[in-house]
file final.cif (mmCIF, C-alpha atoms)
data_protein
#
loop_
_atom_site.label_atom_id
_atom_site.label_comp_id
_atom_site.auth_asym_id
_atom_site.auth_seq_id
_atom_site.Cartn_x
_atom_site.Cartn_y
_atom_site.Cartn_z
CA MET A 1221 77.07 -53.66 28.66
CA GLU A 1222 74.32 -51.09 29.11
CA LYS A 1223 75.33 -48.38 31.56
CA ILE A 1224 73.25 -47.10 34.46
CA ARG A 1225 72.29 -43.50 33.62
CA VAL A 1226 72.40 -41.14 36.64
CA LEU A 1227 71.14 -37.62 37.28
CA ILE A 1228 72.87 -35.85 40.22
CA VAL A 1229 70.85 -33.29 42.20
CA ASP A 1230 72.43 -31.06 44.86
CA ASP A 1231 72.44 -27.33 45.54
CA SER A 1232 76.21 -27.36 46.19
CA ALA A 1233 78.41 -27.18 43.10
CA PHE A 1234 81.20 -28.83 45.11
CA VAL A 1235 79.02 -31.79 46.07
CA ARG A 1236 77.74 -32.17 42.51
CA ALA A 1237 81.32 -32.27 41.24
CA PHE A 1238 82.37 -34.66 44.02
CA ILE A 1239 79.58 -37.13 43.27
CA ARG A 1240 80.13 -36.84 39.52
CA GLN A 1241 83.85 -37.54 39.91
CA THR A 1242 83.06 -40.56 42.10
CA LEU A 1243 80.55 -42.06 39.67
CA GLU A 1244 82.54 -41.42 36.49
CA LYS A 1245 85.31 -43.66 37.80
CA ASP A 1246 82.96 -46.63 37.43
CA PRO A 1247 82.67 -47.90 33.83
CA ARG A 1248 79.14 -49.21 34.47
CA ILE A 1249 77.76 -45.76 35.34
CA GLU A 1250 77.10 -42.80 33.07
CA VAL A 1251 76.32 -39.37 34.55
CA VAL A 1252 73.76 -37.87 32.14
CA GLY A 1253 73.24 -34.57 33.94
CA VAL A 1254 73.26 -32.49 37.12
CA ALA A 1255 70.62 -30.27 38.72
CA ARG A 1256 70.95 -27.54 41.36
CA ASP A 1257 67.55 -27.77 43.08
CA GLY A 1258 64.18 -29.54 43.05
CA GLU A 1259 62.70 -27.51 40.22
CA ASP A 1260 65.74 -28.10 38.03
CA ALA A 1261 65.64 -31.81 38.96
CA ILE A 1262 62.04 -32.27 37.84
CA GLN A 1263 62.74 -30.67 34.46
CA LYS A 1264 65.90 -32.67 33.85
CA ALA A 1265 64.38 -35.94 35.02
CA ALA A 1266 61.60 -35.48 32.46
CA GLN A 1267 64.03 -34.50 29.72
CA LEU A 1268 66.86 -37.00 30.34
CA GLN A 1269 64.88 -40.01 31.65
CA PRO A 1270 67.71 -41.33 33.87
CA ASP A 1271 67.71 -44.75 35.49
CA VAL A 1272 68.71 -43.34 38.89
CA VAL A 1273 68.49 -39.90 40.51
CA THR A 1274 70.66 -39.00 43.52
CA LEU A 1275 68.54 -36.40 45.27
CA ASP A 1276 69.73 -34.06 48.02
CA VAL A 1277 67.14 -33.63 50.76
CA GLU A 1278 67.75 -30.00 51.75
CA MET A 1279 67.79 -27.51 48.86
CA PRO A 1280 66.43 -23.99 48.20
CA ARG A 1281 63.47 -23.21 45.93
CA LYS A 1282 62.16 -26.77 46.13
CA SER A 1283 63.60 -29.39 48.48
CA GLY A 1284 64.31 -32.96 47.49
CA LEU A 1285 61.37 -34.14 49.56
CA GLU A 1286 59.05 -31.72 47.76
CA ALA A 1287 60.40 -32.67 44.33
CA LEU A 1288 60.39 -36.44 44.85
CA SER A 1289 56.79 -37.20 43.90
CA GLU A 1290 57.01 -35.13 40.71
CA ILE A 1291 60.27 -36.79 39.68
CA LEU A 1292 58.61 -40.19 40.05
CA GLN A 1293 55.68 -38.96 37.95
CA VAL A 1294 57.70 -37.54 35.05
CA SER A 1295 60.28 -40.34 34.85
CA LYS A 1296 60.78 -44.03 35.60
CA ALA A 1297 63.91 -43.31 37.62
CA ALA A 1298 64.62 -44.88 40.98
CA VAL A 1299 65.59 -42.20 43.50
CA ILE A 1300 68.36 -42.38 46.12
CA MET A 1301 68.04 -39.65 48.76
CA VAL A 1302 71.29 -38.04 49.91
CA SER A 1303 70.64 -36.91 53.47
CA SER A 1304 72.46 -35.02 56.17
CA LEU A 1305 73.33 -36.87 59.37
CA THR A 1306 70.89 -34.85 61.50
CA GLN A 1307 67.62 -35.76 63.16
CA GLU A 1308 65.80 -33.44 60.75
CA GLY A 1309 67.54 -35.08 57.80
CA ALA A 1310 66.65 -38.53 59.11
CA GLU A 1311 62.97 -37.64 59.54
CA ALA A 1312 62.81 -36.22 56.02
CA THR A 1313 64.51 -39.32 54.65
CA ILE A 1314 62.03 -41.70 56.29
CA GLU A 1315 59.21 -39.61 54.82
CA ALA A 1316 60.90 -39.77 51.39
CA LEU A 1317 61.12 -43.55 51.60
CA GLU A 1318 57.39 -43.63 52.34
CA LYS A 1319 56.75 -41.45 49.29
CA GLY A 1320 58.57 -43.83 46.95
CA ALA A 1321 62.32 -43.20 47.21
CA ALA A 1322 64.23 -46.41 46.55
CA ASP A 1323 67.01 -45.94 49.09
CA PHE A 1324 69.11 -43.33 50.86
CA ILE A 1325 72.69 -42.57 51.80
CA PRO A 1326 73.80 -40.21 54.59
CA LYS A 1327 76.14 -37.41 53.49
CA PRO A 1328 79.30 -37.02 55.60
CA ALA A 1329 79.76 -33.72 57.42
CA SER A 1330 82.90 -33.18 55.34
CA LEU A 1331 83.72 -34.52 51.89
CA ILE A 1332 87.44 -33.92 52.22
CA GLY A 1333 90.00 -36.57 53.15
CA SER A 1334 88.61 -39.06 55.65
CA GLY A 1335 87.70 -42.72 55.94
CA THR A 1336 84.06 -41.66 56.13
CA VAL A 1337 84.37 -40.08 52.68
CA ASP A 1338 85.87 -43.27 51.24
CA GLU A 1339 82.99 -45.25 52.72
CA PHE A 1340 80.50 -42.77 51.25
CA ARG A 1341 82.02 -43.18 47.78
CA LYS A 1342 81.96 -46.96 47.98
CA THR A 1343 78.42 -47.16 49.36
CA LEU A 1344 77.02 -44.69 46.84
CA VAL A 1345 78.38 -46.69 43.90
CA GLU A 1346 77.08 -49.96 45.38
CA LYS A 1347 73.61 -48.51 45.92
CA ILE A 1348 73.46 -47.13 42.39
CA HIS A 1349 74.37 -50.56 41.01
CA VAL A 1350 71.66 -52.26 43.06
CA VAL A 1351 68.99 -49.66 42.38
CA GLY A 1352 69.88 -49.32 38.71
CA THR A 1353 69.84 -53.05 37.99
CA HIS A 1354 66.61 -53.63 39.93
CA LYS A 1355 64.83 -50.49 38.79
CA GLU A 1356 61.61 -52.28 37.95
CA ARG A 1357 61.33 -53.52 41.54
CA PHE A 1358 61.74 -50.04 42.95
CA GLN A 1359 59.13 -48.72 40.54
CA ARG A 1360 56.61 -50.90 42.40
CA VAL A 1361 57.29 -49.04 45.64
CA ARG A 1362 54.28 -46.91 46.51
CA PRO A 1363 53.33 -44.74 49.48
CA PHE A 1364 52.09 -46.72 52.48
CA ARG A 1365 48.38 -47.26 52.88
CA ARG A 1366 47.36 -49.27 55.91
CA PRO A 1367 44.98 -52.12 55.04
CA ALA A 1368 41.68 -52.19 56.87
CA ARG A 1369 42.50 -55.52 58.50
CA ILE A 1370 44.51 -58.67 58.12
CA GLY A 1371 42.88 -60.93 55.55
CA ASP A 1372 41.64 -64.46 56.03
CA TYR A 1373 44.34 -66.07 53.88
CA LYS A 1374 46.52 -68.94 55.08
CA ALA A 1375 50.31 -68.91 54.88
CA ILE A 1376 51.82 -71.16 52.22
CA PRO A 1377 54.72 -73.22 53.59
CA VAL A 1378 57.80 -74.26 51.67
CA LYS A 1379 57.11 -77.65 50.06
CA PRO A 1380 55.94 -79.96 52.86
CA LYS A 1381 54.50 -78.10 55.83
CA PRO A 1382 56.71 -78.55 58.91
CA SER A 1383 55.39 -81.41 61.01
CA ARG A 1384 54.35 -80.77 64.58
CA GLY A 1385 57.32 -82.90 65.59
CA ARG A 1386 59.65 -80.39 63.92
CA ARG A 1387 58.53 -77.64 66.24
CA LYS A 1388 60.05 -78.14 69.67
CA HIS A 1389 59.31 -74.83 71.35
CA HIS A 1390 56.60 -72.31 71.85
CA PRO A 1391 58.20 -69.10 70.55
CA LYS A 1392 59.22 -66.40 73.01
CA VAL A 1393 60.50 -63.71 70.64
CA VAL A 1394 60.36 -62.70 66.96
CA ILE A 1395 63.53 -61.46 65.26
CA ILE A 1396 63.29 -59.67 61.91
CA GLY A 1397 66.37 -59.08 59.76
CA ILE A 1398 66.01 -56.50 56.97
CA SER A 1399 68.03 -54.04 54.88
CA THR A 1400 67.44 -52.36 51.49
CA GLY A 1401 63.75 -51.61 51.02
CA GLY A 1402 63.17 -52.10 54.72
CA PRO A 1403 61.28 -49.00 55.90
CA LEU A 1404 58.39 -49.34 53.46
CA SER A 1405 58.33 -53.14 53.79
CA LEU A 1406 58.18 -52.96 57.59
CA GLN A 1407 55.13 -50.72 57.23
CA GLN A 1408 53.36 -53.66 55.61
CA VAL A 1409 54.13 -55.92 58.61
CA ILE A 1410 54.44 -54.08 61.93
CA PRO A 1411 51.18 -52.04 61.68
CA MET A 1412 49.33 -55.28 60.90
CA LEU A 1413 50.22 -56.89 64.24
CA PRO A 1414 47.38 -56.73 66.77
CA GLY A 1415 47.72 -54.62 69.89
CA ASP A 1416 47.73 -57.75 72.07
CA PHE A 1417 50.48 -59.56 70.11
CA PRO A 1418 51.88 -61.88 72.81
CA LEU A 1419 55.60 -61.65 72.00
CA PRO A 1420 58.28 -58.97 71.78
CA VAL A 1421 59.58 -58.29 68.27
CA VAL A 1422 63.20 -57.33 67.60
CA VAL A 1423 63.97 -55.64 64.26
CA VAL A 1424 67.53 -55.41 62.96
CA GLN A 1425 67.38 -52.91 60.09
CA HIS A 1426 70.66 -51.91 58.46
CA MET A 1427 70.68 -48.16 59.06
CA PRO A 1428 73.05 -45.50 60.41
CA PRO A 1429 72.51 -43.59 63.68
CA GLN A 1430 69.58 -41.13 63.86
CA PHE A 1431 67.65 -42.92 61.13
CA THR A 1432 66.56 -45.89 63.27
CA LYS A 1433 64.92 -43.56 65.80
CA SER A 1434 63.01 -41.77 63.05
CA LEU A 1435 61.94 -45.13 61.63
CA ALA A 1436 60.77 -46.33 65.05
CA ASP A 1437 58.85 -43.13 65.72
CA ARG A 1438 57.11 -43.32 62.34
CA LEU A 1439 56.16 -46.99 62.76
CA ASN A 1440 54.85 -46.24 66.24
CA THR A 1441 52.38 -43.70 64.86
CA LEU A 1442 51.05 -46.32 62.42
CA SER A 1443 50.89 -49.37 64.68
CA GLN A 1444 48.72 -50.93 67.36
CA VAL A 1445 51.82 -52.38 69.06
CA THR A 1446 54.38 -50.08 70.67
CA VAL A 1447 57.45 -49.40 68.51
CA LYS A 1448 60.64 -47.85 69.90
CA GLU A 1449 64.33 -47.60 69.19
CA ALA A 1450 65.89 -50.06 71.63
CA ALA A 1451 67.94 -48.62 74.47
CA GLU A 1452 70.42 -50.06 76.95
CA GLY A 1453 68.58 -51.92 79.70
CA ASP A 1454 65.22 -52.24 77.93
CA GLU A 1455 63.37 -55.33 79.11
CA LEU A 1456 61.68 -57.18 76.26
CA ARG A 1457 57.91 -57.05 76.67
CA PRO A 1458 54.98 -58.44 74.67
CA ALA A 1459 53.35 -56.27 72.00
CA THR A 1460 56.47 -54.14 71.76
CA VAL A 1461 58.77 -53.78 68.76
CA TYR A 1462 62.41 -52.91 69.41
CA ILE A 1463 64.36 -51.36 66.52
CA ALA A 1464 68.10 -52.01 66.91
CA PRO A 1465 69.95 -48.66 67.11
CA GLY A 1466 71.90 -47.74 63.99
CA GLY A 1467 75.67 -47.67 64.10
CA ARG A 1468 75.98 -50.04 67.08
CA GLN A 1469 75.45 -53.71 67.88
CA MET A 1470 72.44 -54.89 69.85
CA LEU A 1471 72.64 -57.94 72.13
CA LEU A 1472 69.99 -59.75 74.14
CA ARG A 1473 70.97 -60.92 77.61
CA PRO A 1474 69.06 -63.03 80.13
CA ASN A 1475 66.97 -61.23 82.73
CA ARG A 1476 66.00 -63.29 85.78
CA GLY A 1477 65.75 -66.36 83.55
CA HIS A 1478 62.34 -65.49 82.10
CA THR A 1479 62.96 -62.84 79.50
CA ALA A 1480 65.79 -60.70 78.14
CA THR A 1481 67.17 -57.21 78.38
CA VAL A 1482 68.82 -55.16 75.67
CA ALA A 1483 72.52 -54.39 75.63
CA VAL A 1484 73.79 -51.84 73.11
CA VAL A 1485 77.53 -52.06 72.44
CA ASP A 1486 80.06 -50.62 70.03
CA HIS A 1487 82.01 -53.82 69.40
CA VAL A 1488 81.58 -57.58 69.69
CA GLU A 1489 84.06 -60.46 69.42
CA SER A 1490 82.89 -61.28 65.88
CA GLU A 1491 83.29 -57.65 64.72
CA LYS A 1492 85.85 -58.50 62.04
CA ARG A 1493 83.34 -60.78 60.30
CA GLU A 1494 80.36 -58.46 60.63
CA ILE A 1495 80.31 -55.48 58.29
CA PHE A 1496 76.93 -54.24 59.48
CA LYS A 1497 76.09 -52.22 62.59
CA PRO A 1498 73.60 -53.41 63.64
CA SER A 1499 74.03 -57.00 62.41
CA VAL A 1500 71.33 -59.67 62.20
CA ASN A 1501 73.94 -62.32 62.98
CA VAL A 1502 75.14 -60.59 66.13
CA THR A 1503 71.66 -60.00 67.57
CA THR A 1504 70.32 -63.45 66.66
CA PHE A 1505 73.30 -65.35 68.06
CA SER A 1506 72.87 -63.45 71.34
CA ALA A 1507 69.16 -64.29 71.35
CA LEU A 1508 69.93 -67.98 70.87
CA LYS A 1509 71.94 -67.93 74.10
CA VAL A 1510 68.85 -66.67 75.94
CA PHE A 1511 65.94 -68.40 74.20
CA GLY A 1512 67.50 -71.36 72.37
CA GLY A 1513 65.19 -72.45 69.58
CA ALA A 1514 62.14 -70.62 70.99
CA ILE A 1515 62.52 -67.94 68.31
CA ILE A 1516 60.73 -67.08 65.08
CA GLY A 1517 63.27 -65.62 62.66
CA VAL A 1518 62.03 -63.56 59.72
CA MET A 1519 64.40 -62.62 56.91
CA MET A 1520 63.13 -59.80 54.70
CA THR A 1521 64.34 -57.71 51.76
CA GLY A 1522 68.00 -56.70 51.72
CA MET A 1523 71.42 -56.97 50.10
CA GLY A 1524 73.94 -59.62 51.08
CA SER A 1525 73.56 -62.50 53.50
CA ASP A 1526 73.76 -61.01 57.00
CA GLY A 1527 71.92 -63.32 59.39
CA LYS A 1528 72.28 -66.53 57.41
CA GLU A 1529 74.73 -68.18 59.82
CA ALA A 1530 72.64 -67.35 62.88
CA PHE A 1531 69.42 -68.47 61.18
CA ILE A 1532 71.08 -71.79 60.28
CA GLU A 1533 71.78 -72.30 63.98
CA LEU A 1534 68.26 -71.16 64.86
CA HIS A 1535 66.85 -73.77 62.48
CA ARG A 1536 69.15 -76.45 63.95
CA GLN A 1537 67.85 -75.69 67.45
CA GLY A 1538 64.23 -76.11 66.37
CA GLY A 1539 63.20 -72.51 65.76
CA ILE A 1540 60.98 -71.37 62.90
CA VAL A 1541 62.47 -69.51 59.92
CA ILE A 1542 60.41 -67.35 57.55
CA ALA A 1543 61.81 -65.83 54.35
CA GLN A 1544 60.16 -63.13 52.25
CA ASP A 1545 59.61 -64.32 48.68
CA GLU A 1546 61.51 -62.98 45.68
CA ARG A 1547 58.47 -61.38 44.03
CA THR A 1548 57.80 -58.95 46.89
CA CYS A 1549 61.42 -58.22 47.87
CA VAL A 1550 63.02 -54.99 46.75
CA VAL A 1551 66.37 -56.82 46.83
CA TYR A 1552 66.27 -60.61 47.08
CA GLY A 1553 69.62 -61.06 48.82
CA MET A 1554 69.21 -61.85 52.51
CA PRO A 1555 66.08 -63.99 52.04
CA ARG A 1556 67.71 -65.80 49.11
CA ALA A 1557 70.64 -66.78 51.33
CA VAL A 1558 68.23 -68.35 53.82
CA VAL A 1559 66.18 -70.15 51.17
CA GLU A 1560 69.24 -71.51 49.37
CA ALA A 1561 70.61 -72.77 52.69
CA GLY A 1562 67.50 -74.99 52.88
CA ILE A 1563 66.38 -73.71 56.28
CA ALA A 1564 63.25 -71.70 55.43
CA ASP A 1565 60.11 -73.23 56.91
CA TYR A 1566 57.95 -70.67 55.10
CA VAL A 1567 58.58 -68.53 52.03
CA LEU A 1568 55.94 -65.80 52.04
CA PRO A 1569 54.92 -62.70 50.13
CA LEU A 1570 55.20 -59.51 52.14
CA GLU A 1571 51.46 -59.19 52.69
CA LYS A 1572 51.25 -62.60 54.41
CA ILE A 1573 54.04 -62.24 56.95
CA ALA A 1574 52.01 -60.56 59.71
CA GLU A 1575 49.17 -63.06 59.56
CA THR A 1576 51.61 -65.95 59.65
CA LEU A 1577 53.27 -64.55 62.76
CA VAL A 1578 49.89 -64.23 64.48
CA ASP A 1579 49.05 -67.80 63.48
CA LEU A 1580 52.37 -69.22 64.70
CA VAL A 1581 52.27 -67.56 68.12
CA SER A 1582 48.75 -68.87 68.70
CA GLN A 1583 49.67 -72.51 68.08
CA PRO A 1584 50.69 -74.66 71.05
CA ALA A 1585 54.12 -76.31 70.94
CA ASN A 1586 54.49 -80.07 71.11
#
call {"tool": "encode", "arguments": {"input": "final.cif", "output": "C-alpha cells"}}
result
Amino acid sequence: MEKIRVLIVDDSAFVRAFIRQTLEKDPRIEVVGVARDGEDAIQKAAQLQPDVVTLDVEMPRKSGLEALSEILQVSKAAVIMVSSLTQEGAEATIEALEKGAADFIPKPASLIGSGTVDEFRKTLVEKIHVVGTHKERFQRVRPFRRPARIGDYKAIPVKPKPSRGRRKHHPKVVIIGISTGGPLSLQQVIPMLPGDFPLPVVVVQHMPPQFTKSLADRLNTLSQVTVKEAAEGDELRPATVYIAPGGRQMLLRPNRGHTATVAVVDHVESEKREIFKPSVNVTTFSALKVFGGAIIGVMMTGMGSDGKEAFIELHRQGGIVIAQDERTCVVYGMPRAVVEAGIADYVLPLEKIAETLVDLVSQPAN
C-alpha cells in the first residue's frame, strides 16, 4: 500500500513534534519532513514533493497564507491549513481556501490532555486520508473568479425528467447541505443567484464556530443576494442566504404560519445520532415540519452521508432533490449517498446548480 507523504509546517517545535507523533501512529501515513515557517515550507515542498502539507496559518518570516500560493506552484501537494480558533484565524483560513487550500482544521488552544486534543488528532488523520487519496481533485481547486453571468444552458435531470405530477408544491425554501470543499464550491453557486431570488436559502456547512461567520461575510461581499450567519430569531426572507452557525444546531420553526424563524440550539433529541454541528439532517427535518415538501434540497460536496435520511423524507413528501455530480465534487460522499438512495431528481455539475435553482423557483406548481 502506497503511503500518503506529509510535510508538517509550524513555527512551534512542540506542535511539529505533536503532529508528527500523531501521524506516525498511522501506518498509511509517512512524515517526509517538517518546516518552521513559510520560507522553509516552500523550499521543502519543492524538494520533497509531498502529497499533503499541513500548514500553520500564523508564522514569522512568511505566514502560511503568504506561502500557500508558492507551495501550490512548486509542488502538487494538497494543503490543509491548521488555524487558530480566533476570528482573525478564521478570516485567514477562508482566504486560504479561496487561494487553493484543500481543507482546514482548527488548532485547539492547548495540545495537552483534553477531549478536544483527541478530537483534533482523529480529525487531522481523517482529513489527511481524504485529501491524500483524492489529491487530484484538490489540485483542480483554483481561486474564485466570478463568471460574468449565468449561462443559457439547461439542467440535465437524472434519467427521466420528473413529471409535473411528481411536483406537488411550489417551493418555499432552498436547503443546501455541504462539507469538505464547501467554501470554494459555494462561491460558484451563491454569487450566481440574482438579487431578486424569490426564496430564502439555508446553508448547512460543516464548520466550527467563528469560521461560518467569516464564510458568510466573504460570500456577502461577492453576492447579489444578502448572505449572513444565521442568528436566533432571524425570520427567513427572500433573496437572503442563512449560513448555519458552526458548533451548534440550527432549527426552523413556524412563524405566524407563513414563513419560519431560526432557532439556534446546543442540543437536539437526535444528538446521539448526529456527529455534526451543524447537521443537515437536523435542519432539514425541522424545515419539513414547517414547509412539508415545499423545499428544494441541494446536496453538495462533502464526506459522509449527513442529510441523507432527511432528504429521503423530503423526496417522499414531494420536494425536489438536487445532487452535485461526482466530477465536480471535491469529495463525492454526501451527494453519493443521495444518488445511491435513488431520490435525486437532478444530478448536476457545480456550474449548473444556480441556474437550475432559478429555473425551478420560476416554474408554477401543479
call {"tool": "residues_near_point", "arguments": {"input": "final.cif", "point": "(79.4, -35.3, 35.6)", "cutoff": "10 Å", "atoms": "all atoms listed in the file", "output": "PyMOL selection string"}}
result
chain A and resi 1226-1228+1236-1244+1250-1254
call {"tool": "closest_residue", "arguments": {"input": "final.cif", "among": "A:Ala1298, A:Ala1514, A:Lys1319, A:Phe1417", "to": "His1389 in chain A", "atoms": "all atoms listed in the file"}}
result
A:Ala1514
call {"tool": "residues_around", "arguments": {"input": "final.cif", "residues": "Ala1451 in chain A", "least_positions_apart": "4", "cutoff": "8 Å", "atoms": "all atoms listed in the file", "output": "number ranges by chain"}}
result
A: 1465, 1482-1484
call {"tool": "residues_around", "arguments": {"input": "final.cif", "residues": "Lys1223 in chain A", "least_positions_apart": "5", "cutoff": "8 Å", "atoms": "only C-alpha atoms", "output": "ChimeraX atom specification"}}
result
/A:1247-1250
call {"tool": "closest_residue", "arguments": {"input": "final.cif", "among": "A:Arg1357, A:Arg1281, A:Lys1327, A:Arg1438", "to": "Glu1315 in chain A", "atoms": "all atoms listed in the file"}}
result
A:Arg1438
call {"tool": "atom_distance", "arguments": {"input": "final.cif", "atom1": "CA of Phe1505 in chain A", "atom2": "CA of Thr1576 in chain A"}}
result
23.3 Å
call {"tool": "closest_residue", "arguments": {"input": "final.cif", "among": "A:Glu1290, A:Asp1416, A:Asp1230, A:Asp1257", "to": "Val1302 in chain A", "atoms": "all atoms listed in the file"}}
result
A:Asp1230
call {"tool": "atom_distance", "arguments": {"input": "final.cif", "atom1": "CA of Gln1269 in chain A", "atom2": "CA of Leu1285 in chain A"}}
result
19.2 Å
call {"tool": "residues_near_point", "arguments": {"input": "final.cif", "point": "(68.6, -78.4, 64.7)", "cutoff": "10 Å", "atoms": "all atoms listed in the file", "output": "list in words"}}
result
Arg1386, Lys1388, Gly1513, Ile1532, Glu1533, Leu1534, His1535, Arg1536, Gln1537, Gly1538, Gly1539 and Ile1563 of chain A
call {"tool": "residues_around", "arguments": {"input": "final.cif", "residues": "Ser1434 in chain A", "least_positions_apart": "6", "cutoff": "8 Å", "atoms": "only C-alpha atoms", "output": "ChimeraX atom specification"}}
result
/A:1307,1310-1311,1314
call {"tool": "closest_residue", "arguments": {"input": "final.cif", "among": "A:Arg1225, A:Lys1572, A:His1426, A:Lys1264", "to": "Gly1524 in chain A", "atoms": "all atoms listed in the file"}}
result
A:His1426
call {"tool": "residues_around", "arguments": {"input": "final.cif", "residues": "Thr1503 in chain A", "least_positions_apart": "2", "cutoff": "12 Å", "atoms": "only C-alpha atoms", "output": "PDB file with C-alpha atoms, in the coordinates of the input"}}
result
ATOM      1  CA  VAL A1394      60.360 -62.700  66.960  1.00  0.00           C
ATOM      2  CA  ILE A1395      63.530 -61.460  65.260  1.00  0.00           C
ATOM      3  CA  ILE A1396      63.290 -59.670  61.910  1.00  0.00           C
ATOM      4  CA  GLY A1397      66.370 -59.080  59.760  1.00  0.00           C
ATOM      5  CA  VAL A1422      63.200 -57.330  67.600  1.00  0.00           C
ATOM      6  CA  VAL A1423      63.970 -55.640  64.260  1.00  0.00           C
ATOM      7  CA  VAL A1424      67.530 -55.410  62.960  1.00  0.00           C
ATOM      8  CA  GLN A1425      67.380 -52.910  60.090  1.00  0.00           C
ATOM      9  CA  TYR A1462      62.410 -52.910  69.410  1.00  0.00           C
ATOM     10  CA  ILE A1463      64.360 -51.360  66.520  1.00  0.00           C
ATOM     11  CA  ALA A1464      68.100 -52.010  66.910  1.00  0.00           C
ATOM     12  CA  PRO A1465      69.950 -48.660  67.110  1.00  0.00           C
ATOM     13  CA  ARG A1468      75.980 -50.040  67.080  1.00  0.00           C
ATOM     14  CA  GLN A1469      75.450 -53.710  67.880  1.00  0.00           C
ATOM     15  CA  MET A1470      72.440 -54.890  69.850  1.00  0.00           C
ATOM     16  CA  LEU A1471      72.640 -57.940  72.130  1.00  0.00           C
ATOM     17  CA  LEU A1472      69.990 -59.750  74.140  1.00  0.00           C
ATOM     18  CA  ARG A1473      70.970 -60.920  77.610  1.00  0.00           C
ATOM     19  CA  VAL A1482      68.820 -55.160  75.670  1.00  0.00           C
ATOM     20  CA  ALA A1483      72.520 -54.390  75.630  1.00  0.00           C
ATOM     21  CA  VAL A1484      73.790 -51.840  73.110  1.00  0.00           C
ATOM     22  CA  VAL A1485      77.530 -52.060  72.440  1.00  0.00           C
ATOM     23  CA  VAL A1488      81.580 -57.580  69.690  1.00  0.00           C
ATOM     24  CA  SER A1490      82.890 -61.280  65.880  1.00  0.00           C
ATOM     25  CA  GLU A1494      80.360 -58.460  60.630  1.00  0.00           C
ATOM     26  CA  PHE A1496      76.930 -54.240  59.480  1.00  0.00           C
ATOM     27  CA  LYS A1497      76.090 -52.220  62.590  1.00  0.00           C
ATOM     28  CA  PRO A1498      73.600 -53.410  63.640  1.00  0.00           C
ATOM     29  CA  SER A1499      74.030 -57.000  62.410  1.00  0.00           C
ATOM     30  CA  VAL A1500      71.330 -59.670  62.200  1.00  0.00           C
ATOM     31  CA  ASN A1501      73.940 -62.320  62.980  1.00  0.00           C
ATOM     32  CA  PHE A1505      73.300 -65.350  68.060  1.00  0.00           C
ATOM     33  CA  SER A1506      72.870 -63.450  71.340  1.00  0.00           C
ATOM     34  CA  ALA A1507      69.160 -64.290  71.350  1.00  0.00           C
ATOM     35  CA  LEU A1508      69.930 -67.980  70.870  1.00  0.00           C
ATOM     36  CA  LYS A1509      71.940 -67.930  74.100  1.00  0.00           C
ATOM     37  CA  VAL A1510      68.850 -66.670  75.940  1.00  0.00           C
ATOM     38  CA  GLY A1517      63.270 -65.620  62.660  1.00  0.00           C
ATOM     39  CA  ASP A1526      73.760 -61.010  57.000  1.00  0.00           C
ATOM     40  CA  GLY A1527      71.920 -63.320  59.390  1.00  0.00           C
ATOM     41  CA  GLU A1529      74.730 -68.180  59.820  1.00  0.00           C
ATOM     42  CA  ALA A1530      72.640 -67.350  62.880  1.00  0.00           C
ATOM     43  CA  PHE A1531      69.420 -68.470  61.180  1.00  0.00           C
ATOM     44  CA  LEU A1534      68.260 -71.160  64.860  1.00  0.00           C
TER      45      LEU A1534
END
call {"tool": "residues_around", "arguments": {"input": "final.cif", "residues": "Gly1352 in chain A", "least_positions_apart": "3", "cutoff": "10 Å", "atoms": "all atoms listed in the file", "output": "ChimeraX atom specification"}}
result
/A:1223-1226,1249,1270-1273,1297-1299,1346-1349,1355-1358
call {"tool": "atom_distance", "arguments": {"input": "final.cif", "atom1": "CA of Pro1420 in chain A", "atom2": "CA of Gly1512 in chain A"}}
result
15.5 Å
call {"tool": "decode", "arguments": {"input": "final.cif", "residues": "range 1259-1269 of chain A", "atoms": "N, CA and C atoms", "output": "PDB file, in the first residue's frame"}}
result
ATOM      1  N   GLU A1259       8.852  30.287   4.445  1.00  0.00           N
ATOM      2  CA  GLU A1259      10.008  30.191   3.551  1.00  0.00           C
ATOM      3  C   GLU A1259      10.560  28.772   3.536  1.00  0.00           C
ATOM      4  N   ASP A1260      10.738  28.212   4.713  1.00  0.00           N
ATOM      5  CA  ASP A1260      11.225  26.838   4.841  1.00  0.00           C
ATOM      6  C   ASP A1260      10.256  25.870   4.162  1.00  0.00           C
ATOM      7  N   ALA A1261       8.952  26.126   4.295  1.00  0.00           N
ATOM      8  CA  ALA A1261       7.928  25.251   3.718  1.00  0.00           C
ATOM      9  C   ALA A1261       8.007  25.224   2.199  1.00  0.00           C
ATOM     10  N   ILE A1262       8.195  26.377   1.590  1.00  0.00           N
ATOM     11  CA  ILE A1262       8.278  26.444   0.127  1.00  0.00           C
ATOM     12  C   ILE A1262       9.468  25.625  -0.372  1.00  0.00           C
ATOM     13  N   GLN A1263      10.607  25.797   0.265  1.00  0.00           N
ATOM     14  CA  GLN A1263      11.808  25.069  -0.145  1.00  0.00           C
ATOM     15  C   GLN A1263      11.630  23.560   0.007  1.00  0.00           C
ATOM     16  N   LYS A1264      11.065  23.148   1.133  1.00  0.00           N
ATOM     17  CA  LYS A1264      10.921  21.710   1.376  1.00  0.00           C
ATOM     18  C   LYS A1264       9.800  21.089   0.548  1.00  0.00           C
ATOM     19  N   ALA A1265       8.768  21.853   0.253  1.00  0.00           N
ATOM     20  CA  ALA A1265       7.720  21.343  -0.625  1.00  0.00           C
ATOM     21  C   ALA A1265       8.282  21.075  -2.018  1.00  0.00           C
ATOM     22  N   ALA A1266       9.128  21.972  -2.501  1.00  0.00           N
ATOM     23  CA  ALA A1266       9.756  21.788  -3.808  1.00  0.00           C
ATOM     24  C   ALA A1266      10.716  20.601  -3.798  1.00  0.00           C
ATOM     25  N   GLN A1267      11.444  20.453  -2.727  1.00  0.00           N
ATOM     26  CA  GLN A1267      12.453  19.395  -2.641  1.00  0.00           C
ATOM     27  C   GLN A1267      11.829  18.026  -2.408  1.00  0.00           C
ATOM     28  N   LEU A1268      10.870  17.927  -1.499  1.00  0.00           N
ATOM     29  CA  LEU A1268      10.336  16.637  -1.060  1.00  0.00           C
ATOM     30  C   LEU A1268       9.123  16.172  -1.863  1.00  0.00           C
ATOM     31  N   GLN A1269       8.409  17.100  -2.502  1.00  0.00           N
ATOM     32  CA  GLN A1269       7.209  16.776  -3.272  1.00  0.00           C
ATOM     33  C   GLN A1269       6.231  15.888  -2.476  1.00  0.00           C
TER      34      GLN A1269
END
